[in-house]
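Beneath this line is the structure, given in structure tokens, with notes to follow.
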Protein chains: 2
Amino acid sequence: MESDRAMSPKLTVELLRQLRQAMRNSKYITEPIQAYIVPSGDAHQSEYIAPCDCRREFICGFNGSAGTAIVTEQQAAMWTDGRYFLQASQQMDNNWTLMKMGLKETPTQEDWLISVLPENSKVGVDPWIIAADQWKNMSKALSNAGHSLVAVQDNLIDAIWQDRPSRPSTKLITLGLKYTGMTWQDKVTALRTKMSERKISWFVITALDEIAWIFNLRGADIEYNPVFFAYAVIGRSTIRLFIDVQRMTDPAVREHLLLDAPSAVEMTVQIAPYESVYTELQAICATLGPREKVWISDKASCALTEVIPKAHRSPIPYTPLCLAKAVKNATEVQGMKLAHIKDAVALCELFAWLEKEIPKGTVTEISSADKAEEFRSQQKDFVGLSFPTISSVGPNGAIIHYRPLPETNRTLSLNEVYLIDSGAQYTDGTTDVTRTMHFGTPSAFEKECFTYVLKGHIAVSAAIFPNGTKGHLLDSFARSALWESGLDYLHGTGHGVGCFLNVHEGPCGISYKTFADEPLEAGMIVSDEPGYYEDGSFGIRIENVVLVVPAKPKYNYRNRGSLTFEPITLVPIQVKMMNTDLLTQKERDWVNEYHRQCREMVGAELEKQGRKEALDWLIRETQPIA
Amino acid sequence: MESDRAMSPKLTVELLRQLRQAMRNSKYITEPIQAYIVPSGDAHQSEYIAPCDCRREFICGFNGSAGTAIVTEQQAAMWTDGRYFLQASQQMDNNWTLMKMGLKETPTQEDWLISVLPENSKVGVDPWIIAADQWKNMSKALSNAGHSLVAVQDNLIDAIWQDRPSRPSTKLITLGLKYTGMTWQDKVTALRTKMSERKISWFVITALDEIAWIFNLRGADIEYNPVFFAYAVIGRSTIRLFIDVQRMTDPAVREHLLLDAPSAVEMTVQIAPYESVYTELQAICATLGPREKVWISDKASCALTEVIPKAHRSPIPYTPLCLAKAVKNATEVQGMKLAHIKDAVALCELFAWLEKEIPKGTVTEISSADKAEEFRSQQKDFVGLSFPTISSVGPNGAIIHYRPLPETNRTLSLNEVYLIDSGAQYTDGTTDVTRTMHFGTPSAFEKECFTYVLKGHIAVSAAIFPNGTKGHLLDSFARSALWESGLDYLHGTGHGVGCFLNVHEGPCGISYKTFADEPLEAGMIVSDEPGYYEDGSFGIRIENVVLVVPAKPKYNYRNRGSLTFEPITLVPIQVKMMNTDLLTQKERDWVNEYHRQCREMVGAELEKQGRKEALDWLIRETQPIA
């Protein structure tokens, strides 16, 4: 979506002048503020955001996914991490100082503010786009140094952003039992059971995927994420949905939510405007009895969190919906499997096509990504991509969060490794798959590294572990073969995947970085994606989406039960890239069994769809290895 | 040490009456308190404590290593964990309620107090034996419920404990360069360098092993732990040691600390009475400049922590001494290796002796443990045991923290598995080793489990991993083979080991339970001790002490360097217990190479000591496996 943007810096002199004026303008604040913080996020702390929420990009020009800008009366600085140092330095003009996070000499935002602010300064921030826990930390650090953090209700970027896009309000999709396996009413009832178990009166839902999930609705307000802007507040006998009320004129939505049918009061969805959540939550809180408690995620906005009086507030790291959503029911699992078979069909088509086209020298990273999208869009119930395709050749593959741009676009060839990490949204499920291929003859070193990555992928995928095990305890299995040769990769091994929802979701994953993840349980779906990146040369990653399933090993210690993974992604892993001498017999058996499944499941679908060339490719690529 | 105690409950009616009287006695408190908390620890938060500090045992009778007693006007309750449910229920009379921690229905101490206390209650605790962070949590919970936690300066247990033992003040041992590799002056200088890097003016040392380490002194105040009661406060040009001043009359100690020699003021050790640390620290804090900071462990006592005004206090999870002590220098490594060879000699003697004696039916768990101690005591520089020997036969082996008592004592036989976990203090090092043996014919299941445990042991011991890796990331390697068969063990895999110091020390280890451990680095010494416990039947554990050493794999990703482990424990692992069919070639090679080292290093020492029978045993037990 951003491939047409040139890498020249945005000119910000005038914008900064206007922002600084706003920082002194009594229309917005009672007293002038000496600094203004512009975080990345939206009011729902979404990972991906809508154009109207790209405020940090608007003020500084940098459009990466992570970064915080701070503007003082004299200075402007932007903090981002190692993935984005180059991009940020290219996109920002010299009114901005790039603060390279992770480098020893780089001050934290707090330390920098304290070092540059005059005594007794006020630092402003929009309380809707800063999470409650971040507010707390920043506020404490500033107070300790004699300054204060103040909530500026009107967003000062919006105040100077003349052509700011309006908040999207796309058509809603209603999902029936066929896709969800559970009515929204049953989801509300299950939630209420958990609320009464924990003596909770109200639950304020702020995460967009949780709202989409509980109401069995989807939208397209944010690219790649089938969500819609809304808040919901669920009481023991009340359901309130805060949303652009225009969207509720759609007859399908009215019927889905039973807005016109007489239903029991506790299952009546009360609709109110999106913006009214603040005042309505205030009204609810005014009615709270002395011991009543309100659940809200500790990652919710400071603004909404503060509405709930502290004595009634019960902040939680993972909401019950986040947990419930992560454990897919039988219908969702079935949908995810179907989506992955269709997705595999598209990728088999792509790889068969690439094999033919690459020798002509006309395929580029961008055209290959476009072709992948084209093949996917031919599949039933295709909705869109689930994230921007990473299509990278040779050295570009070593840039972990690479996206091809016209000025970096390389041509696929017989001489370089090709890495494609892509996925799609289908009405029945979300996909995310990475394959690394060579269309000529890979070097011995490329094969060696690929094989270590494969061994790590298999070690996780085939691992058997007790019920109750947290995903982070499996992370080292993915690295063991690489470590043994002195290699490693600097990212986690896996993330939760939604079902026709966000491609990244909590509360489980497989990463050395987290400790507070929830234990894996049967029905959870995560990615398994170890990699290896040789800077300036090539990148390797092998990613399947896998389902947590019960395992039945020989024994059952303390009746705890065991779990393992079942691959849902069914795309051949290129044998040409393997040094099979480095594989154990068990690993070879795993590869052969995996390829047998690909041939059987995807082969049948390719046959049904009459895609002969892709089927030939699949059969050839899934021949057993010795 | 406790084997002569009968398992009948302690009668506590009179003691509780006296304690409740003290809780109202204005001699100790200005206003009556409604509850009194008696934690396990001493004023240094030691893992093992001296008899004079066994206050919780005194009041309730329960003498396990972990437990907290709380006495209110009407009730008395004691919280302990699953290891001790049986023992606690046997040792406490029915004035006490046993609170089984870890069970869902068991209230926390805070919740229980809130449920039983009248409104506006005061809960007392000795601020010297509660850690600052524990105080904070308890105080917060009580305040939220309208009560308050109050510091009772006089310990109320001491007030009613008529024959309370006096605080030990054993003879100090001075350690020269030959053992420490670094003078205490150089250690102080290195510490001061770190203090000035972090702009710290003072460091209050409260952990007994840190004080012993920095001064190159040892004591015997606490059984198994060669430490002595003291505090130390190090400034940028001051060294203050708070200790029973009588101990400073020893000429060797005076010379070691240069108490009579004229030395530079910044290296002059100022001696003051142990008890004066409180007032002296107050005096130091009164002189602090506005920006001066004082380091203190966040696990230090509430009493001492509170002396430092909050603005000057810099609490740290791991002190610089804890970190420095963990990385052994070349002299310490050499000493640890020598100690382990001597220890292996003693164990070879024991096992050769057991082989001969067991068939006679006269060897018991207790007599075997005694024999092990006897053999160890014959070795040079033996000081004592490093922890109570776990000597367990058959079903007793499945009790992880088992210690043989006369009423549980089993006879070793040709029919049951024998597990011995033991270690000693030598002037040159500390040992800790577990071996599991069968002197008849083990069952196929026993062998199978043993082999999984061995595979886990080898997986950790032979692991290669990048510099900077935390030990908890290796924990799953130890479990993988067990998990694959549905088995597991419910304890961590390894702990740090001191050098002629505590057998358990931070800040590194190998456990799924921790996340805040410090990265492993070359020179650190930890245990590697996976196990398997079949309740009511047998226990298996294979424990070596291992040294973190640099590894040189084929590649060196981002110049990070790699690490691995070198076994320091050199005692044969019983081949008879292995099902070698389950071992990979790599694992067989590891066993053979390990046994070659045992034969070479320990064999030479056995030969030198003329211990022929043990040598024969060693040679037979270290024959290569196919």
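Naming works like this for the structure tokens: A, B, ... for the chains as they're shown, residue 1 at the start of each chain, ligands 1 onward in shown order.
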Specify as a ChimeraX atom specification all residues of chain A found within 6 Å of chain B, counting only C-alpha atoms.
/A:464-465,483-487,553-557
| field | DSSP-assigned alpha helix (DSSP H) among stretch 212-405 of chain A, expressed as an MDAnalysis selection string | value | chainID A and resid 212:215 251:256 277:286 302:307 320:326 330:357 365:377
Checklist line | atom CA of A:Ile400 to atom CA of A:Asp432, distance in Å rounded to a single decimal | finding: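 It comes out at 15.2 Å.
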Quiz item: Using the chain letters and numbers from this document, which residues of stretch 381-495 of chain B does DSSP assign to strand (DSSP E), as a PyMOL selection string?
Solution: chain B and resi 382-385+390-393+417-422+424-426+429-430+433-438+465-466+494-495
(request) Please indicate the distance in Å from atom CA of B:Ile420 to atom CA of B:Ile390, rounded to one decimal place. (result)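 Separation between atom CA of B:Ile420 and atom CA of B:Ile390: 5.5 Å.
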| task | For B:Gly102, list every protein, DNA or RNA residue within 7 Å, evaluated using only C-alpha atoms, and leave out those in the same chain fewer than 2 positions away; present the list as JSON, numbers by chain. | result | {"B": [81, 100, 104]}
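Between B:Gly498 and the residues B:Tyr594, B:Tyr36, B:Tyr48, B:Trp213, the shortest atom-to-atom distance, using only C-alpha atoms, involves B:Trp213.
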What separates atom CA of B:Ser139 and atom CA of B:Leu113 is a distance of 11.7 Å
| field | Spatial neighbours of stretch 265-273 of chain B, max dist 10 Å, only C-alpha atoms, sep filter under 6 positions, as a list in words | value |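 What passes the distance filter is Trp184, Gln185, Asp186, Val188, Thr189, Phe215, Ala230, Tyr231, Ala232, Val233, Ile234, Gly235, Arg236, Ser237, Thr238, Ile239, Arg240, Leu241, Phe242, Ile243, Asp244, Val245, Gln246, Met248, Leu257, Leu258, Leu259 and Glu280 of chain B.
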